[in-house]
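Structure record follows, encoded as structure tokens.
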Amino acid sequence: MAFRKRNVALGGSTSNAAAAPASKPEGAPGVKPSPFTSHPVTSTGSSSLDSLLGGHGGLSLGSSLFIEESGMTDYGGALLSYYAAEGLCQGHTIHLVGMGDHWIRELPGVAAQKSSSRREQSPADEEKMKIAWRYERLGQAGERALPIRQPPGQTSIPQEEVPFCHTFDLTKRLTLPKDAKINHIQISRDAQPFDPILQSLSRSLSTSPPNTIHRLIIPSILSPGLYPPHACIPQNFLRILHNLRALLRQHHTKLTAMLTLPLELYPRSQGLVRWAELLSDGVLELTPFPHRMDAYTEAAKPNEEQPQGMVKVHKVPIDTERGEGGAGAGNSMGEDLAFTVSRRKFAIKPFSLPPMEGDQEAQAQKEGAEKPAGNAVGKLSGKDLEF
Amino acid sequence: MSTCKRVPTALEPYLSLPPELSLILVTGTIACTPTWLLSRFAGATLSQPIDDSTPDEGEARKPETAVVLVSWMRDERFWKTEIRRTTGLDVVKAESQHRFAFVDCLQAPIPTTDLSQQDSVSAGTDQVFAHINATLTKFSSTSTTPRRILLILDQPDVLTGTGTFGWHNLHGITQKLRKQVYATVINCSADLPFISVSAAAVKDARTGSRTATLHTELERHTANYRVQQAHIATFVMACRELATGAAKDVSGVLRVTRGGGIYNVLREDPEWVDAFKETEVLYLVGRDGNVKVFERGASESG
């Protein structure tokens, strides 16, 4: 297949990537060239989300990620906090829209290095035994496209002092570096609620040194708790997204953005949301399982990580723009993916029915698979979901 | 790499320069962006050799071809890389020969208009038209040879999306632009939320219900503009996802159909219309920029 050839060529001549126009932000912390296209990419703070973005190993600079979430949960907010925490660890400038200082104070802290690398290793190996062979080669969704990242612990960590993507622990609080650059942007209550965002952002972009990386974070955009009602008219909402897109392209070596949108008020079938998706570079939809809300209390076996919802990738940066629709090389569009939020990670994996050890009732039910799954209580069953 | 190798043979008849004053509507969806098709339109037009020889007495010089690309969605850097990457064409050279020009409508500020005020809307349309027309006139004045300009408009529907203009204002702008050039390609998105309103209107007309009024102004304007363009287009090339879900070896479905405007061509150039075939094929855009086009059920072939 085409992508393999490309891989070999890139791996063989690393000079290719270095000579590319991407060389400019090379010096910037937390930025590396994409193994495929040599676009500079930065980590989202969650390694499995990084590996979902078209095989580039991160969010390419100059692009935005639009995360939609249905239901009343805030898993998207967890992704945003990883993204912000990762930025702070790398010394990037954080632009936070509409949230107070408390949001920054509650960011997850970096998990202890030693234990994290050891612990990462062992459950991963265990997992390999469990996952059916056809999933094994997929690894973490999309990782098949990332030959460079295959040997994790040994090569990457000793080489650089600061890893590309940190592991965060939700139970810890991030100790802010003294020189942390955080720009709080307040939403204005007047006719153009979004205007301060772009003004403040472009001012900061033009005054900061050229190799600083900026991250724009807009949590729960259009949520009535934060935004005035007229924020959702296209003249305000879609115009800001168009302007943001222009700004991202203009500063394509130093700016990334991540937004979340509650789908409950703005369903995907609306033209407004579709336009917002078209104007963003990457689109991810999180659909939490309603009956998994009690997962924390129910988790008798802590190793047994039940997925908490489904992830759908509608669009990935760079690749979709080039017209590579479908589930291409290293892009996970159209795959059944599920996410699991645990203390230490936001893991996104191919969705498969979990092994039901010890659960006699469920096992018996599985054997008589033809039976309609009307009484599949508690346990997650593929039949509950619409594929 | 040679250019002809990069254009799938099945698509060649559609990518070559259409009859004069044609409008080609290219539509895409969120996961199936038709940028690969647009860059091939540009590539196919620019790869036609320039006639350097001095024409014989009394013989008109063969018109040369040129491309003006206007984009509301993507920047110059993207398009130049994309055209070079997918067609192997030297865009910078074409630009220096005044055969290629790019009009950036992404960075250029979109005029602020009040849709209820006729004055502010017409001032806005003038501003947008003048921005593009400035490049067009400068472009055509640089050459003495007659030239056929292919105008590619990448997502002008952003203007209806951002609530800047109504669909009829935007239609006015594109019609005015079309008169300045040989042929036009317009790229719009045709996702379900933008199409469902037209479908609802058709259903309403039949059943007497009023479901179309449930749709928002934004959806109506976006849908109307697209339907209007399809009615006047010579032909429509629509990219969409596979109905059965994303597959690894298929990027999407490309459907080529006649548009309402083909009857205008019928009078001028009936042979072209006869040769025109409607088709539906699957396509696969590779990471290296190559496109494979194949029939449903057939294996991939160039």
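To be explicit about the labels: the chains of the structure tokens are called A, B, and onward in the order shown, and within each one the residues are counted from 1, while ligands get numbers from 1 in the order they are shown.
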Env of Pro262 in chain A: 7 Å cut, atoms = only C-alpha atoms, seq-sep filter 3 positions within chain, self excluded. Answer as an MDAnalysis selection string. chainID A and resid 68:70 220 223 265:266
Limited to N, CA and C atoms, could you put the picked residues into a file as a CSV table (one decimal), in the first residue's frame?
chain,number,residue,atom,x,y,z
A,68,GLU,N,-16.9,17.3,20.1
A,68,GLU,CA,-18.3,17.4,20.5
A,68,GLU,C,-18.7,16.3,21.5
A,69,GLU,N,-19.6,16.6,22.3
A,69,GLU,CA,-19.9,15.6,23.3
A,69,GLU,C,-21.4,15.7,23.6
A,70,SER,N,-22.0,14.5,23.6
A,70,SER,CA,-23.5,14.5,23.9
A,70,SER,C,-23.6,14.1,25.3
A,220,SER,N,-16.5,24.3,26.2
A,220,SER,CA,-18.0,24.4,26.1
A,220,SER,C,-18.5,25.6,25.3
A,223,SER,N,-22.1,27.2,25.3
A,223,SER,CA,-22.9,26.8,26.4
A,223,SER,C,-23.6,28.0,27.1
A,265,LEU,N,-27.5,20.7,23.2
A,265,LEU,CA,-28.2,21.9,22.7
A,265,LEU,C,-28.1,22.2,21.2
A,266,TYR,N,-27.0,21.7,20.7
A,266,TYR,CA,-26.7,22.0,19.2
A,266,TYR,C,-26.4,20.6,18.6
So that I can check the secondary structure, give me every residue of range 181-257 of chain B assigned alpha helix (DSSP H) by backbone DSSP, as an NGL selection string. :B and (192-207 or 217-232)
Using only C-alpha atoms, please write the residues we just selected to a file, as a PDB file, in the first residue's frame.
ATOM      1  CA  LEU B 192     -27.020  16.345   4.886  1.00  0.00           C
ATOM      2  CA  PRO B 193     -27.987  19.305   7.105  1.00  0.00           C
ATOM      3  CA  PHE B 194     -27.659  21.576   4.081  1.00  0.00           C
ATOM      4  CA  ILE B 195     -29.537  19.305   1.728  1.00  0.00           C
ATOM      5  CA  SER B 196     -32.352  18.160   3.986  1.00  0.00           C
ATOM      6  CA  VAL B 197     -34.022  21.549   3.812  1.00  0.00           C
ATOM      7  CA  SER B 198     -34.435  21.267   0.042  1.00  0.00           C
ATOM      8  CA  ALA B 199     -35.772  17.765   0.434  1.00  0.00           C
ATOM      9  CA  ALA B 200     -38.219  19.017   3.049  1.00  0.00           C
ATOM     10  CA  ALA B 201     -39.365  21.797   0.733  1.00  0.00           C
ATOM     11  CA  VAL B 202     -40.063  19.296  -2.032  1.00  0.00           C
ATOM     12  CA  LYS B 203     -42.001  17.141   0.367  1.00  0.00           C
ATOM     13  CA  ASP B 204     -43.963  20.149   1.600  1.00  0.00           C
ATOM     14  CA  ALA B 205     -44.930  21.101  -1.913  1.00  0.00           C
ATOM     15  CA  ARG B 206     -46.318  17.613  -2.390  1.00  0.00           C
ATOM     16  CA  THR B 207     -48.021  17.054   0.930  1.00  0.00           C
ATOM     17  CA  GLU B 217     -32.176  30.669   7.927  1.00  0.00           C
ATOM     18  CA  LEU B 218     -28.577  29.481   7.699  1.00  0.00           C
ATOM     19  CA  GLU B 219     -29.560  26.042   6.413  1.00  0.00           C
ATOM     20  CA  ARG B 220     -32.009  27.520   3.921  1.00  0.00           C
ATOM     21  CA  HIS B 221     -29.514  29.954   2.444  1.00  0.00           C
ATOM     22  CA  THR B 222     -26.766  27.356   2.199  1.00  0.00           C
ATOM     23  CA  ALA B 223     -29.117  24.834   0.594  1.00  0.00           C
ATOM     24  CA  ASN B 224     -30.678  27.322  -1.807  1.00  0.00           C
ATOM     25  CA  TYR B 225     -27.354  28.508  -3.117  1.00  0.00           C
ATOM     26  CA  ARG B 226     -26.262  24.961  -3.811  1.00  0.00           C
ATOM     27  CA  VAL B 227     -29.491  23.946  -5.512  1.00  0.00           C
ATOM     28  CA  GLN B 228     -29.452  27.090  -7.602  1.00  0.00           C
ATOM     29  CA  GLN B 229     -25.901  26.363  -8.780  1.00  0.00           C
ATOM     30  CA  ALA B 230     -26.805  22.765  -9.607  1.00  0.00           C
ATOM     31  CA  HIS B 231     -29.634  24.030 -11.783  1.00  0.00           C
ATOM     32  CA  ILE B 232     -27.365  26.239 -13.850  1.00  0.00           C
TER      33      ILE B 232
END
Would you list which chain A residues are within 9 Å of chain B using only C-alpha atoms, as a count of residues only? 47
Atom pair CA of Glu264 in chain A / CA of Glu285 in chain A: separation (Å):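 Value for the CA of Glu264 in chain A-CA of Glu285 in chain A distance: 12.1 Å.
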Can you tell me, as a PyMOL selection string, what residues are no more than 9 Å from range 144-150 of chain B when counting only C-alpha atoms, ignoring any on the same chain fewer than 5 positions away? chain B and resi 17+20+41-42+45+61-69+99+180-185
Measuring atom to atom with only C-alpha atoms, identify which of A:Pro108, A:Gly100, A:Pro219, A:Pro228 is nearest to Thr171 in chain A.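 Comparing A:Pro108, A:Gly100, A:Pro219, A:Pro228 against Thr171 in chain A, the winner is A:Pro108.
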Which of range 71-204 of chain B end up as strand (DSSP E) when DSSP is run on this backbone - answer as a PyMOL selection string? chain B and resi 71+100-104+147-154+183-189
Could those selected residues go to a file with C-alpha atoms, as a PDB file, in the first residue's frame?
ATOM      1  CA  SER B  71     -10.476  30.278  -1.718  1.00  0.00           C
ATOM      2  CA  PHE B 100      -1.885  31.069 -12.166  1.00  0.00           C
ATOM      3  CA  ALA B 101      -3.185  33.504  -9.581  1.00  0.00           C
ATOM      4  CA  PHE B 102      -4.514  33.002  -6.094  1.00  0.00           C
ATOM      5  CA  VAL B 103      -7.059  35.232  -4.368  1.00  0.00           C
ATOM      6  CA  ASP B 104      -7.049  34.792  -0.630  1.00  0.00           C
ATOM      7  CA  ARG B 147      -6.501  33.343 -22.901  1.00  0.00           C
ATOM      8  CA  ARG B 148      -9.017  31.013 -21.444  1.00  0.00           C
ATOM      9  CA  ILE B 149      -9.254  31.557 -17.718  1.00  0.00           C
ATOM     10  CA  LEU B 150     -10.640  28.820 -15.544  1.00  0.00           C
ATOM     11  CA  LEU B 151     -11.973  30.386 -12.369  1.00  0.00           C
ATOM     12  CA  ILE B 152     -12.065  28.063  -9.372  1.00  0.00           C
ATOM     13  CA  LEU B 153     -14.143  29.235  -6.414  1.00  0.00           C
ATOM     14  CA  ASP B 154     -13.392  27.193  -3.317  1.00  0.00           C
ATOM     15  CA  ALA B 183     -15.359  28.696 -17.387  1.00  0.00           C
ATOM     16  CA  THR B 184     -15.959  28.372 -13.656  1.00  0.00           C
ATOM     17  CA  VAL B 185     -15.663  25.611 -11.081  1.00  0.00           C
ATOM     18  CA  ILE B 186     -17.506  26.114  -7.787  1.00  0.00           C
ATOM     19  CA  ASN B 187     -16.900  23.959  -4.741  1.00  0.00           C
ATOM     20  CA  CYS B 188     -19.663  23.804  -2.117  1.00  0.00           C
ATOM     21  CA  SER B 189     -20.316  21.462   0.737  1.00  0.00           C
TER      22      SER B 189
END
Taken to one decimal, the CA of Leu52 in chain A-CA of Gln90 in chain A distance is 21.0 Å
Neighbour list for His230 in chain A as a ChimeraX atom specification, cut-off 9 Å, only C-alpha atoms, skip fewer than 4 positions in-chain: /A:191-193,236
Which residues are close to Ile187 in chain A, i.e. within 12 Å by only C-alpha atoms, leaving aside same-chain residues fewer than 4 positions away? Reply as a list in words.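 Everything that qualifies: Leu96, Val97, Gly98, Met99, Gly100, Ala191, Gln192, Pro193, Phe194, Asp195, Pro196, Ile197, Leu198, Gln199, Ser200, Ile218, Pro219, Ile221, Leu222, Ser223, Gly225, Leu226, Tyr227, Pro228 and Ala231 of chain A.
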Residues as selected, N, CA and C atoms, written as a PDB file, in the first residue's frame, can you do that?
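Output file result.pdb is given in full below:
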ATOM      1  N   LEU A  96      -6.836  30.813  27.548  1.00  0.00           N
ATOM      2  CA  LEU A  96      -8.024  30.134  28.033  1.00  0.00           C
ATOM      3  C   LEU A  96      -9.209  31.074  27.936  1.00  0.00           C
ATOM      4  N   VAL A  97     -10.274  30.589  27.304  1.00  0.00           N
ATOM      5  CA  VAL A  97     -11.422  31.461  27.065  1.00  0.00           C
ATOM      6  C   VAL A  97     -12.545  31.170  28.050  1.00  0.00           C
ATOM      7  N   GLY A  98     -12.987  32.199  28.732  1.00  0.00           N
ATOM      8  CA  GLY A  98     -14.214  32.139  29.521  1.00  0.00           C
ATOM      9  C   GLY A  98     -14.150  31.375  30.826  1.00  0.00           C
ATOM     10  N   MET A  99     -12.975  30.923  31.222  1.00  0.00           N
ATOM     11  CA  MET A  99     -12.872  30.169  32.465  1.00  0.00           C
ATOM     12  C   MET A  99     -11.978  30.948  33.424  1.00  0.00           C
ATOM     13  N   GLY A 100     -12.239  30.783  34.679  1.00  0.00           N
ATOM     14  CA  GLY A 100     -11.463  31.514  35.671  1.00  0.00           C
ATOM     15  C   GLY A 100     -10.160  30.819  36.000  1.00  0.00           C
ATOM     16  N   ALA A 191     -22.706  42.887  21.904  1.00  0.00           N
ATOM     17  CA  ALA A 191     -23.206  42.302  20.662  1.00  0.00           C
ATOM     18  C   ALA A 191     -22.251  41.284  20.032  1.00  0.00           C
ATOM     19  N   GLN A 192     -20.948  41.498  20.174  1.00  0.00           N
ATOM     20  CA  GLN A 192     -19.997  40.551  19.590  1.00  0.00           C
ATOM     21  C   GLN A 192     -19.241  39.829  20.703  1.00  0.00           C
ATOM     22  N   PRO A 193     -19.811  38.755  21.214  1.00  0.00           N
ATOM     23  CA  PRO A 193     -19.208  38.119  22.389  1.00  0.00           C
ATOM     24  C   PRO A 193     -17.833  37.529  22.131  1.00  0.00           C
ATOM     25  N   PHE A 194     -17.523  37.203  20.867  1.00  0.00           N
ATOM     26  CA  PHE A 194     -16.267  36.510  20.599  1.00  0.00           C
ATOM     27  C   PHE A 194     -15.117  37.452  20.255  1.00  0.00           C
ATOM     28  N   ASP A 195     -15.431  38.714  20.049  1.00  0.00           N
ATOM     29  CA  ASP A 195     -14.393  39.626  19.583  1.00  0.00           C
ATOM     30  C   ASP A 195     -13.131  39.657  20.445  1.00  0.00           C
ATOM     31  N   PRO A 196     -13.275  39.678  21.801  1.00  0.00           N
ATOM     32  CA  PRO A 196     -12.049  39.745  22.611  1.00  0.00           C
ATOM     33  C   PRO A 196     -11.102  38.573  22.373  1.00  0.00           C
ATOM     34  N   ILE A 197     -11.636  37.422  21.966  1.00  0.00           N
ATOM     35  CA  ILE A 197     -10.775  36.243  21.792  1.00  0.00           C
ATOM     36  C   ILE A 197      -9.732  36.512  20.726  1.00  0.00           C
ATOM     37  N   LEU A 198     -10.196  36.914  19.556  1.00  0.00           N
ATOM     38  CA  LEU A 198      -9.266  37.095  18.451  1.00  0.00           C
ATOM     39  C   LEU A 198      -8.337  38.265  18.698  1.00  0.00           C
ATOM     40  N   GLN A 199      -8.895  39.341  19.282  1.00  0.00           N
ATOM     41  CA  GLN A 199      -8.052  40.511  19.535  1.00  0.00           C
ATOM     42  C   GLN A 199      -6.908  40.138  20.458  1.00  0.00           C
ATOM     43  N   SER A 200      -7.264  39.507  21.574  1.00  0.00           N
ATOM     44  CA  SER A 200      -6.251  39.164  22.558  1.00  0.00           C
ATOM     45  C   SER A 200      -5.254  38.163  21.984  1.00  0.00           C
ATOM     46  N   ILE A 218     -10.940  26.651  24.195  1.00  0.00           N
ATOM     47  CA  ILE A 218     -12.289  27.210  24.355  1.00  0.00           C
ATOM     48  C   ILE A 218     -13.204  26.102  24.875  1.00  0.00           C
ATOM     49  N   PRO A 219     -13.438  26.060  26.188  1.00  0.00           N
ATOM     50  CA  PRO A 219     -14.292  25.003  26.730  1.00  0.00           C
ATOM     51  C   PRO A 219     -15.772  25.315  26.501  1.00  0.00           C
ATOM     52  N   ILE A 221     -18.027  25.738  24.123  1.00  0.00           N
ATOM     53  CA  ILE A 221     -18.404  26.928  23.352  1.00  0.00           C
ATOM     54  C   ILE A 221     -19.922  26.915  23.167  1.00  0.00           C
ATOM     55  N   LEU A 222     -20.525  28.062  23.231  1.00  0.00           N
ATOM     56  CA  LEU A 222     -21.971  28.271  23.081  1.00  0.00           C
ATOM     57  C   LEU A 222     -22.793  27.786  24.270  1.00  0.00           C
ATOM     58  N   SER A 223     -22.143  27.197  25.276  1.00  0.00           N
ATOM     59  CA  SER A 223     -22.911  26.751  26.430  1.00  0.00           C
ATOM     60  C   SER A 223     -23.581  27.965  27.079  1.00  0.00           C
ATOM     61  N   GLY A 225     -24.393  28.648  29.929  1.00  0.00           N
ATOM     62  CA  GLY A 225     -23.825  29.042  31.202  1.00  0.00           C
ATOM     63  C   GLY A 225     -22.711  30.056  31.063  1.00  0.00           C
ATOM     64  N   LEU A 226     -22.064  30.041  29.908  1.00  0.00           N
ATOM     65  CA  LEU A 226     -20.898  30.899  29.725  1.00  0.00           C
ATOM     66  C   LEU A 226     -21.138  32.005  28.706  1.00  0.00           C
ATOM     67  N   TYR A 227     -21.983  31.698  27.716  1.00  0.00           N
ATOM     68  CA  TYR A 227     -22.107  32.617  26.593  1.00  0.00           C
ATOM     69  C   TYR A 227     -23.499  33.254  26.568  1.00  0.00           C
ATOM     70  N   PRO A 228     -23.570  34.500  26.127  1.00  0.00           N
ATOM     71  CA  PRO A 228     -24.889  35.122  25.987  1.00  0.00           C
ATOM     72  C   PRO A 228     -25.668  34.446  24.857  1.00  0.00           C
ATOM     73  N   ALA A 231     -24.777  34.557  21.094  1.00  0.00           N
ATOM     74  CA  ALA A 231     -23.481  34.047  20.630  1.00  0.00           C
ATOM     75  C   ALA A 231     -23.652  33.025  19.521  1.00  0.00           C
TER      76      ALA A 231
END
Within 10 Å of range 75-83 of chain A: each range 31-62 of chain A residue with its shortest pair, only C-alpha atoms, as a tab-separated table:
residue	atom	partner	partner_atom	distance
A:Thr42	CA	A:Tyr83	CA	9.9
A:Ser43	CA	A:Tyr83	CA	7.6
A:Thr44	CA	A:Tyr83	CA	4.7
A:Gly45	CA	A:Tyr83	CA	4.8
A:Ser46	CA	A:Tyr82	CA	6.5
A:Leu49	CA	A:Leu79	CA	8.7
